[in-house]
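Participant: One file: final.cif (mmCIF, C-alpha atoms).
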```cif
data_target
#
loop_
_atom_site.label_atom_id
_atom_site.label_comp_id
_atom_site.auth_asym_id
_atom_site.auth_seq_id
_atom_site.Cartn_x
_atom_site.Cartn_y
_atom_site.Cartn_z
CA MET A 84 224.18 51.39 -80.62
CA ASP A 85 222.67 48.71 -82.82
CA LEU A 86 219.83 47.17 -80.83
CA GLN A 87 220.14 43.92 -82.77
CA SER A 88 223.73 43.45 -81.70
CA GLY A 89 222.84 41.77 -78.42
CA TYR A 90 225.15 44.23 -76.69
CA TYR A 91 222.67 44.80 -73.85
CA GLU A 92 221.72 41.17 -73.37
CA ASP A 93 224.26 40.98 -70.59
CA SER A 94 222.48 42.25 -67.48
CA ASP A 95 225.56 43.98 -66.00
CA THR A 96 226.30 45.79 -69.27
CA LEU A 97 222.69 46.93 -69.51
CA LEU A 98 222.60 48.13 -65.92
CA LEU A 99 225.83 50.07 -66.31
CA ALA A 100 224.58 51.72 -69.51
CA LEU A 101 221.27 52.62 -67.84
CA ARG A 102 223.12 54.21 -64.93
CA GLN A 103 225.06 56.28 -67.42
CA ARG A 104 221.70 57.33 -68.92
CA ASP A 105 222.44 55.76 -72.27
CA PRO A 106 219.27 56.39 -74.36
CA ALA A 107 219.81 53.25 -76.45
CA ALA A 108 219.95 51.14 -73.29
CA PHE A 109 216.63 52.60 -72.18
CA ALA A 110 215.11 51.96 -75.60
CA TYR A 111 216.31 48.35 -75.38
CA LEU A 112 214.82 47.92 -71.89
CA PHE A 113 211.50 49.41 -72.96
CA GLU A 114 211.41 47.20 -76.05
CA GLN A 115 212.12 44.11 -73.96
CA TYR A 116 209.79 44.71 -71.03
CA SER A 117 206.98 47.15 -71.82
CA ASP A 118 204.68 44.55 -73.38
CA LYS A 119 205.60 41.94 -70.79
CA THR A 120 204.75 44.19 -67.85
CA TYR A 121 201.62 45.35 -69.72
CA ARG A 122 200.39 41.77 -70.12
CA LEU A 123 201.07 41.03 -66.45
CA ALA A 124 199.11 44.12 -65.35
CA ALA A 125 196.30 43.60 -67.88
CA SER A 126 195.84 40.00 -66.79
CA LEU A 127 195.42 41.01 -63.16
CA LEU A 128 193.47 44.25 -63.64
CA LYS A 129 191.42 43.27 -66.72
CA ASP A 130 191.66 46.93 -67.75
CA GLU A 131 193.94 48.06 -70.60
CA VAL A 132 194.11 51.71 -69.55
CA ALA A 133 194.99 50.79 -65.96
CA ALA A 134 197.59 48.35 -67.31
CA GLU A 135 199.22 51.17 -69.30
CA GLY A 136 199.35 53.16 -66.05
CA VAL A 137 201.13 50.27 -64.37
CA VAL A 138 203.72 50.13 -67.18
CA GLN A 139 204.33 53.85 -66.80
CA ASP A 140 204.68 53.64 -63.01
CA THR A 141 206.89 50.53 -63.26
CA PHE A 142 209.43 52.25 -65.49
CA LEU A 143 209.27 55.47 -63.44
CA ARG A 144 210.04 53.48 -60.31
CA LEU A 145 212.90 51.74 -62.06
CA ILE A 146 214.32 55.11 -63.15
CA GLU A 147 213.95 56.45 -59.61
CA ARG A 148 215.69 53.45 -58.03
CA LEU A 149 218.19 52.63 -60.74
CA ASP A 150 221.13 53.65 -58.63
CA GLN A 151 219.96 51.66 -55.59
CA PHE A 152 219.40 48.42 -57.51
CA GLU A 153 221.97 45.94 -56.17
CA GLY A 154 221.93 43.65 -59.16
CA ARG A 155 221.40 40.48 -57.13
CA ALA A 156 218.12 39.84 -58.94
CA ASN A 157 217.81 39.82 -62.68
CA LEU A 158 216.76 43.23 -64.03
CA GLY A 159 213.77 41.68 -65.82
CA THR A 160 212.60 39.86 -62.68
CA TRP A 161 212.92 43.15 -60.79
CA LEU A 162 210.72 44.93 -63.35
CA TYR A 163 208.13 42.14 -63.25
CA ARG A 164 208.11 42.36 -59.44
CA ILE A 165 207.52 46.12 -59.52
CA ALA A 166 204.71 45.67 -62.05
CA TYR A 167 203.20 42.85 -60.00
CA ASN A 168 203.25 44.86 -56.77
CA LEU A 169 201.81 47.95 -58.44
CA SER A 170 199.05 45.86 -60.04
CA VAL A 171 198.19 44.22 -56.72
CA ASP A 172 198.06 47.66 -55.01
CA ARG A 173 195.60 48.91 -57.63
CA LEU A 174 193.58 45.73 -57.47
CA ARG A 175 193.28 45.92 -53.67
CA LYS A 176 191.91 49.47 -53.91
CA ARG A 177 189.23 48.21 -56.23
CA LYS A 178 188.71 44.90 -54.48
CA PRO A 179 189.71 45.05 -50.79
CA GLU A 180 188.68 41.42 -50.27
CA LEU A 181 191.32 40.26 -52.80
CA GLU A 182 192.74 36.92 -51.67
CA LEU A 183 196.26 36.07 -52.80
CA GLU A 184 197.30 33.87 -49.90
CA ASP A 185 196.81 30.12 -49.70
CA GLU A 186 193.52 28.94 -48.27
CA PRO A 187 192.87 25.63 -46.50
CA GLY A 188 190.96 24.23 -49.49
CA ASP A 189 193.72 24.95 -52.00
CA GLY A 190 195.18 21.48 -51.71
CA ARG A 191 192.13 19.65 -53.06
CA LEU A 192 191.97 19.13 -56.79
CA PRO A 193 188.57 19.18 -58.47
CA LEU A 194 187.94 16.05 -60.55
CA PRO A 195 187.62 16.60 -64.31
CA VAL A 196 183.98 16.76 -65.40
CA HIS A 197 184.17 17.19 -69.18
CA LEU A 198 185.92 14.19 -70.67
CA VAL A 199 185.51 14.90 -74.37
CA GLU A 200 188.24 14.71 -76.99
CA TRP A 201 188.91 17.92 -78.88
CA GLN A 202 188.37 17.13 -82.54
CA GLN A 203 190.03 20.18 -84.07
CA TRP A 204 193.67 21.16 -83.93
CA PRO A 205 194.28 24.14 -81.63
CA GLU A 206 195.73 26.22 -84.51
CA LYS A 207 192.38 25.97 -86.31
CA LEU A 208 190.51 26.88 -83.14
CA LEU A 209 192.48 30.13 -82.83
CA SER A 210 191.00 31.46 -86.07
CA ASP A 211 187.49 31.11 -84.64
CA GLY A 212 186.27 34.36 -83.00
CA GLU A 213 183.96 32.49 -80.65
CA VAL A 214 186.86 30.39 -79.44
CA THR A 215 189.12 33.37 -78.78
CA ARG A 216 186.26 34.96 -76.81
CA ALA A 217 185.93 31.71 -74.87
CA LEU A 218 189.66 31.90 -74.04
CA ASP A 219 189.26 35.46 -72.73
CA GLU A 220 186.24 34.47 -70.66
CA ALA A 221 187.93 31.38 -69.25
CA ILE A 222 191.02 33.22 -68.04
CA ALA A 223 188.91 36.09 -66.69
CA ALA A 224 186.96 33.56 -64.61
CA LEU A 225 190.16 32.19 -63.07
CA PRO A 226 190.79 33.66 -59.58
CA GLU A 227 193.65 36.21 -59.59
CA LYS A 228 196.07 34.14 -57.52
CA PHE A 229 195.95 31.32 -60.09
CA ARG A 230 195.69 33.63 -63.09
CA ILE A 231 198.91 35.49 -62.37
CA VAL A 232 200.93 32.27 -62.02
CA PHE A 233 199.46 30.87 -65.23
CA VAL A 234 200.20 34.06 -67.19
CA LEU A 235 203.79 34.31 -65.97
CA ARG A 236 204.54 30.64 -66.61
CA GLU A 237 202.60 29.93 -69.78
CA VAL A 238 202.18 33.23 -71.59
CA GLU A 239 205.44 34.89 -70.55
CA GLY A 240 207.35 31.61 -70.50
CA LEU A 241 209.07 32.26 -67.16
CA SER A 242 210.43 29.45 -65.02
CA THR A 243 208.75 28.27 -61.81
CA GLN A 244 211.63 29.89 -59.88
CA GLU A 245 211.18 33.29 -61.58
CA THR A 246 207.39 33.13 -61.14
CA ALA A 247 207.84 32.34 -57.43
CA GLU A 248 210.26 35.27 -56.99
CA ILE A 249 207.89 37.73 -58.68
CA THR A 250 204.80 36.65 -56.76
CA ASN A 251 206.63 36.01 -53.48
CA LEU A 252 205.38 32.43 -53.34
CA SER A 253 207.19 29.23 -52.48
CA LEU A 254 208.15 26.94 -55.36
CA SER A 255 205.63 24.33 -54.25
CA ALA A 256 202.78 26.87 -53.98
CA THR A 257 203.67 28.15 -57.45
CA LYS A 258 203.51 24.65 -58.90
CA VAL A 259 200.22 23.87 -57.18
CA ARG A 260 198.66 27.08 -58.48
CA LEU A 261 199.85 26.43 -62.01
CA HIS A 262 198.42 22.93 -61.89
CA ARG A 263 195.04 24.13 -60.64
CA ALA A 264 194.97 26.91 -63.22
CA ARG A 265 195.64 24.49 -66.06
CA LEU A 266 192.89 22.10 -64.90
CA PHE A 267 190.42 24.95 -64.38
CA LEU A 268 191.07 26.39 -67.84
CA ARG A 269 190.89 22.97 -69.48
CA GLU A 270 187.51 22.40 -67.90
CA GLN A 271 186.18 25.82 -68.86
CA LEU A 272 187.42 25.58 -72.42
CA THR A 273 186.11 22.07 -72.99
CA GLN A 274 182.72 23.24 -71.75
CA SER A 275 182.82 26.31 -74.03
CA LEU A 276 183.94 24.30 -77.06
CA LEU A 277 181.09 21.86 -76.49
CA ALA A 278 178.63 24.77 -76.25
CA ILE A 279 179.80 26.37 -79.50
CA GLY A 280 180.21 23.04 -81.29
CA ALA A 281 183.92 23.48 -82.02
CA GLU A 282 185.36 20.66 -79.95
CA MET B 56 198.86 4.31 -60.77
CA LYS B 57 195.22 5.33 -60.28
CA CYS B 58 193.35 8.15 -62.03
CA GLU B 59 193.49 10.39 -58.92
CA GLU B 60 197.26 10.04 -58.75
CA LEU B 61 197.65 10.70 -62.46
CA LEU B 62 195.60 13.86 -62.03
CA GLN B 63 197.79 14.91 -59.12
CA TYR B 64 200.96 14.41 -61.17
CA LEU B 65 199.59 15.70 -64.48
CA SER B 66 201.42 19.04 -64.53
CA ASP B 67 204.69 17.45 -63.44
CA TYR B 68 204.23 14.89 -66.22
CA ILE B 69 203.56 17.62 -68.81
CA ASP B 70 206.59 19.59 -67.59
CA GLN B 71 208.72 16.41 -67.57
CA GLU B 72 209.50 16.89 -63.90
CA LEU B 73 208.55 13.39 -62.71
CA ASP B 74 211.27 10.91 -61.87
CA ASP B 75 211.76 7.92 -64.18
CA ALA B 76 209.73 5.47 -62.08
CA LEU B 77 206.68 7.75 -61.85
CA THR B 78 206.96 8.66 -65.53
CA THR B 79 206.81 4.97 -66.44
CA GLU B 80 203.81 4.44 -64.13
CA ALA B 81 202.05 7.44 -65.65
CA GLN B 82 202.73 6.22 -69.20
CA GLU B 83 201.41 2.76 -68.35
CA HIS B 84 198.25 4.26 -66.89
CA LEU B 85 197.75 6.60 -69.86
CA ALA B 86 198.12 3.69 -72.28
CA THR B 87 195.06 2.01 -70.79
CA CYS B 88 192.90 4.87 -69.45
CA HIS B 89 191.00 6.78 -72.12
CA ASN B 90 189.66 9.45 -69.74
CA CYS B 91 193.08 10.35 -68.39
CA ARG B 92 194.45 10.47 -71.95
CA VAL B 93 191.65 12.91 -72.84
CA VAL B 94 192.46 15.09 -69.81
CA LEU B 95 196.17 15.06 -70.69
CA ASP B 96 195.60 15.92 -74.38
CA SER B 97 193.05 18.64 -73.72
CA THR B 98 195.23 20.18 -70.98
CA GLN B 99 198.18 20.34 -73.40
CA GLN B 100 195.91 21.87 -76.05
CA THR B 101 194.62 24.40 -73.51
CA ILE B 102 198.18 25.45 -72.68
CA PHE B 103 199.03 25.77 -76.38
CA LEU B 104 195.99 27.96 -77.07
CA PHE B 105 196.77 30.38 -74.24
CA ARG B 106 200.45 30.58 -75.20
CA GLU B 107 199.49 31.49 -78.75
CA GLN B 108 196.63 33.82 -77.94
CA GLY B 109 198.03 35.56 -74.89
CA LYS B 110 200.74 37.59 -76.63
CA ARG B 111 198.97 40.92 -76.73
CA SER B 112 200.82 44.23 -76.87
CA ILE B 113 200.31 47.81 -75.75
CA PRO B 114 198.27 49.64 -78.44
CA ALA B 115 200.74 51.38 -80.82
CA GLN B 116 199.65 54.94 -80.03
CA SER B 117 199.86 54.45 -76.27
CA ARG B 118 203.16 52.69 -76.64
CA SER B 119 204.75 55.57 -78.53
CA ARG B 120 203.41 58.15 -76.03
CA LEU B 121 204.59 56.08 -73.07
CA PHE B 122 208.05 55.65 -74.55
CA ASP B 123 208.47 59.39 -75.20
CA GLN B 124 207.35 60.29 -71.65
CA LEU B 125 209.50 57.68 -70.00
CA GLN B 126 212.58 58.39 -72.05
CA ASP B 127 212.31 62.07 -71.08
CA ALA B 128 212.05 61.07 -67.43
CA PHE B 129 215.01 58.71 -67.84
CA LEU B 130 217.28 61.26 -69.53
CA THR B 131 216.49 64.04 -67.06
CA SER B 132 216.87 61.82 -63.98
CA LYS B 133 220.01 62.16 -61.86
CA THR B 134 223.01 59.98 -62.48
CA SER B 135 225.00 58.55 -59.59
#
```
Reformat the file's structure so that it appears as structure tokens.
Facilitator:
Amino acid sequence: MDLQSGYYEDSDTLLLALRQRDPAAFAYLFEQYSDKTYRLAASLLKDEVAAEGVVQDTFLRLIERLDQFEGRANLGTWLYRIAYNLSVDRLRKRKPELELEDEPGDGRLPLPVHLVEWQQWPEKLLSDGEVTRALDEAIAALPEKFRIVFVLREVEGLSTQETAEITNLSLSATKVRLHRARLFLREQLTQSLLAIGAE
Amino acid sequence: MKCEELLQYLSDYIDQELDDALTTEAQEHLATCHNCRVVLDSTQQTIFLFREQGKRSIPAQSRSRLFDQLQDAFLTSKTS
């Protein structure tokens, strides 16, 4: 099967082919979702080796439950959900105090502190090693419950609805977390750019 | 619209999810408030940077090993 043909883009066709153990269907699924589930796990765990373990366990679980999958959810959303749950399980072992629920203070928005225009175009900033390090540090400093929503929405390009389904949040909680994540990262980055003189 | 309200609605404004009346109010506020304009622009730039930089992949060697292992597991698993 030619993987470029789009043959497996239809979820029902892909699921049927997977159930028939079509190797090309599996190759297509791996191509489509291995990096996505890796990025989700790496963003939560901040550990590339552990993230590879999550990808492995995610696909193994899919293989194990392939025949029980009812097809109500999108196959991709299902895979993301498995990867999310496995990542959270690993994270809780490492960090039992992990807080993913809403807290009373979540509704308050911090006021912006750094009100400085960025002088350089973002494309130019990306070629600066100090800036890419600042991006890594900023997202690592973001609490997990905001980080995961930001990664799914902005990096993976999922909708609010899909992000809510994967993280088991309401739509409004998903939107609030995305908003707070954006403001937090803006603040952190502006501060870092000022410090390294690249703003 | 005041600065606090603009801040509250900022993500909805960026995602074009505000209704027409609030969009107009936000635009009118942004036209006259330099600080809110700075927050809007730098938030959009922040989003752009993370979208561009965040696309990392599994290292090639690990990826190939993972694929081989998983495809074996897939092909030897039971069919319904």
Participant: Using only C-alpha atoms and a cut-off of 9 Å, which residues of chain B sit close to chain A? Please list them as a PyMOL selection string.
Facilitator: chain B and resi 59+62-67+90-91+93-94+96-113+117-118+121-122+124-126+128-135
Participant: By how many Å are atom CA of Val171 of chain A and atom CA of Leu98 of chain A apart?
Facilitator: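 Rounded to one decimal, the two atoms are 26.4 Å apart.
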Participant: Nearest to Leu127 of chain A among A:Arg260, A:Arg230, A:Arg164, A:Lys207, with distances taken over all atoms listed in the file: which residue is it?
Facilitator: A:Arg230
Participant: Excluding same-chain residues fewer than 4 positions from Ala108 of chain A, what lies within 7 Å of it counting only C-alpha atoms, as a list in words?
Facilitator: Tyr91, Leu97, Ala100, Leu101 and Leu112 of chain A
Participant: Could you work out how far atom CA of Arg148 of chain A lies from atom CA of Ile165 of chain A, giving the answer in Å with one decimal?
Facilitator: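 Computed distance, atom CA of Ile165 of chain A to atom CA of Arg148 of chain A, equals 11.1 Å.
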Participant: Report, in Å with one decimal, the straight-line distance from atom CA of Ile249 of chain A to atom CA of Ile231 of chain A.
Facilitator: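 Atom-to-atom, atom CA of Ile249 of chain A to atom CA of Ile231 of chain A, that is 10.0 Å.
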Participant: Would you kindly return, as a list of chain:residue names, each protein, DNA or RNA residue with an atom no farther than 10 Å from any atom of Asn157 of chain A, considering all atoms listed in the file and excluding same-chain residues fewer than 6 positions away?
Facilitator: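 Non-adjacent residues within range: A:Ser94, A:Asp95, A:Tyr163, A:Glu245.
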Participant: Report as a PyMOL selection string all protein, DNA and RNA residues lying within 12 Å of Gln82 of chain B, evaluated on only C-alpha atoms, omitting residues in the same chain fewer than 2 positions from it.
Facilitator: chain B and resi 56-58+61+64-65+68-69+71+73+75-80+84-88+91-92+95
Participant: Taking into account all atoms listed in the file, which residue in the set A:Arg144, A:Ser210, A:Leu235, A:Arg216 is nearest to Ala124 of chain A?
Facilitator: A:Leu235
Participant: Quick one: residues within 12 Å of (190.9, 50.3, -58.5) (file frame), counting all atoms listed in the file, please, as a PyMOL selection string.
Facilitator: chain A and resi 127-130+132-134+136-137+169-179+181
Participant: Need the shell around Thr257 of chain A: protein/DNA/RNA residues with any atom at most 8 Å away, counting all atoms listed in the file. Skip same-chain ones fewer than 2 positions apart. Format as a PDB file with C-alpha atoms, in the coordinates of the input?
Facilitator:
```pdb
ATOM      1  CA  VAL A 232     200.930  32.270 -62.020  1.00  0.00           C
ATOM      2  CA  THR A 243     208.750  28.270 -61.810  1.00  0.00           C
ATOM      3  CA  THR A 246     207.390  33.130 -61.140  1.00  0.00           C
ATOM      4  CA  ALA A 247     207.840  32.340 -57.430  1.00  0.00           C
ATOM      5  CA  LEU A 252     205.380  32.430 -53.340  1.00  0.00           C
ATOM      6  CA  SER A 253     207.190  29.230 -52.480  1.00  0.00           C
ATOM      7  CA  LEU A 254     208.150  26.940 -55.360  1.00  0.00           C
ATOM      8  CA  SER A 255     205.630  24.330 -54.250  1.00  0.00           C
ATOM      9  CA  VAL A 259     200.220  23.870 -57.180  1.00  0.00           C
ATOM     10  CA  ARG A 260     198.660  27.080 -58.480  1.00  0.00           C
ATOM     11  CA  LEU A 261     199.850  26.430 -62.010  1.00  0.00           C
TER      12      LEU A 261
END
```
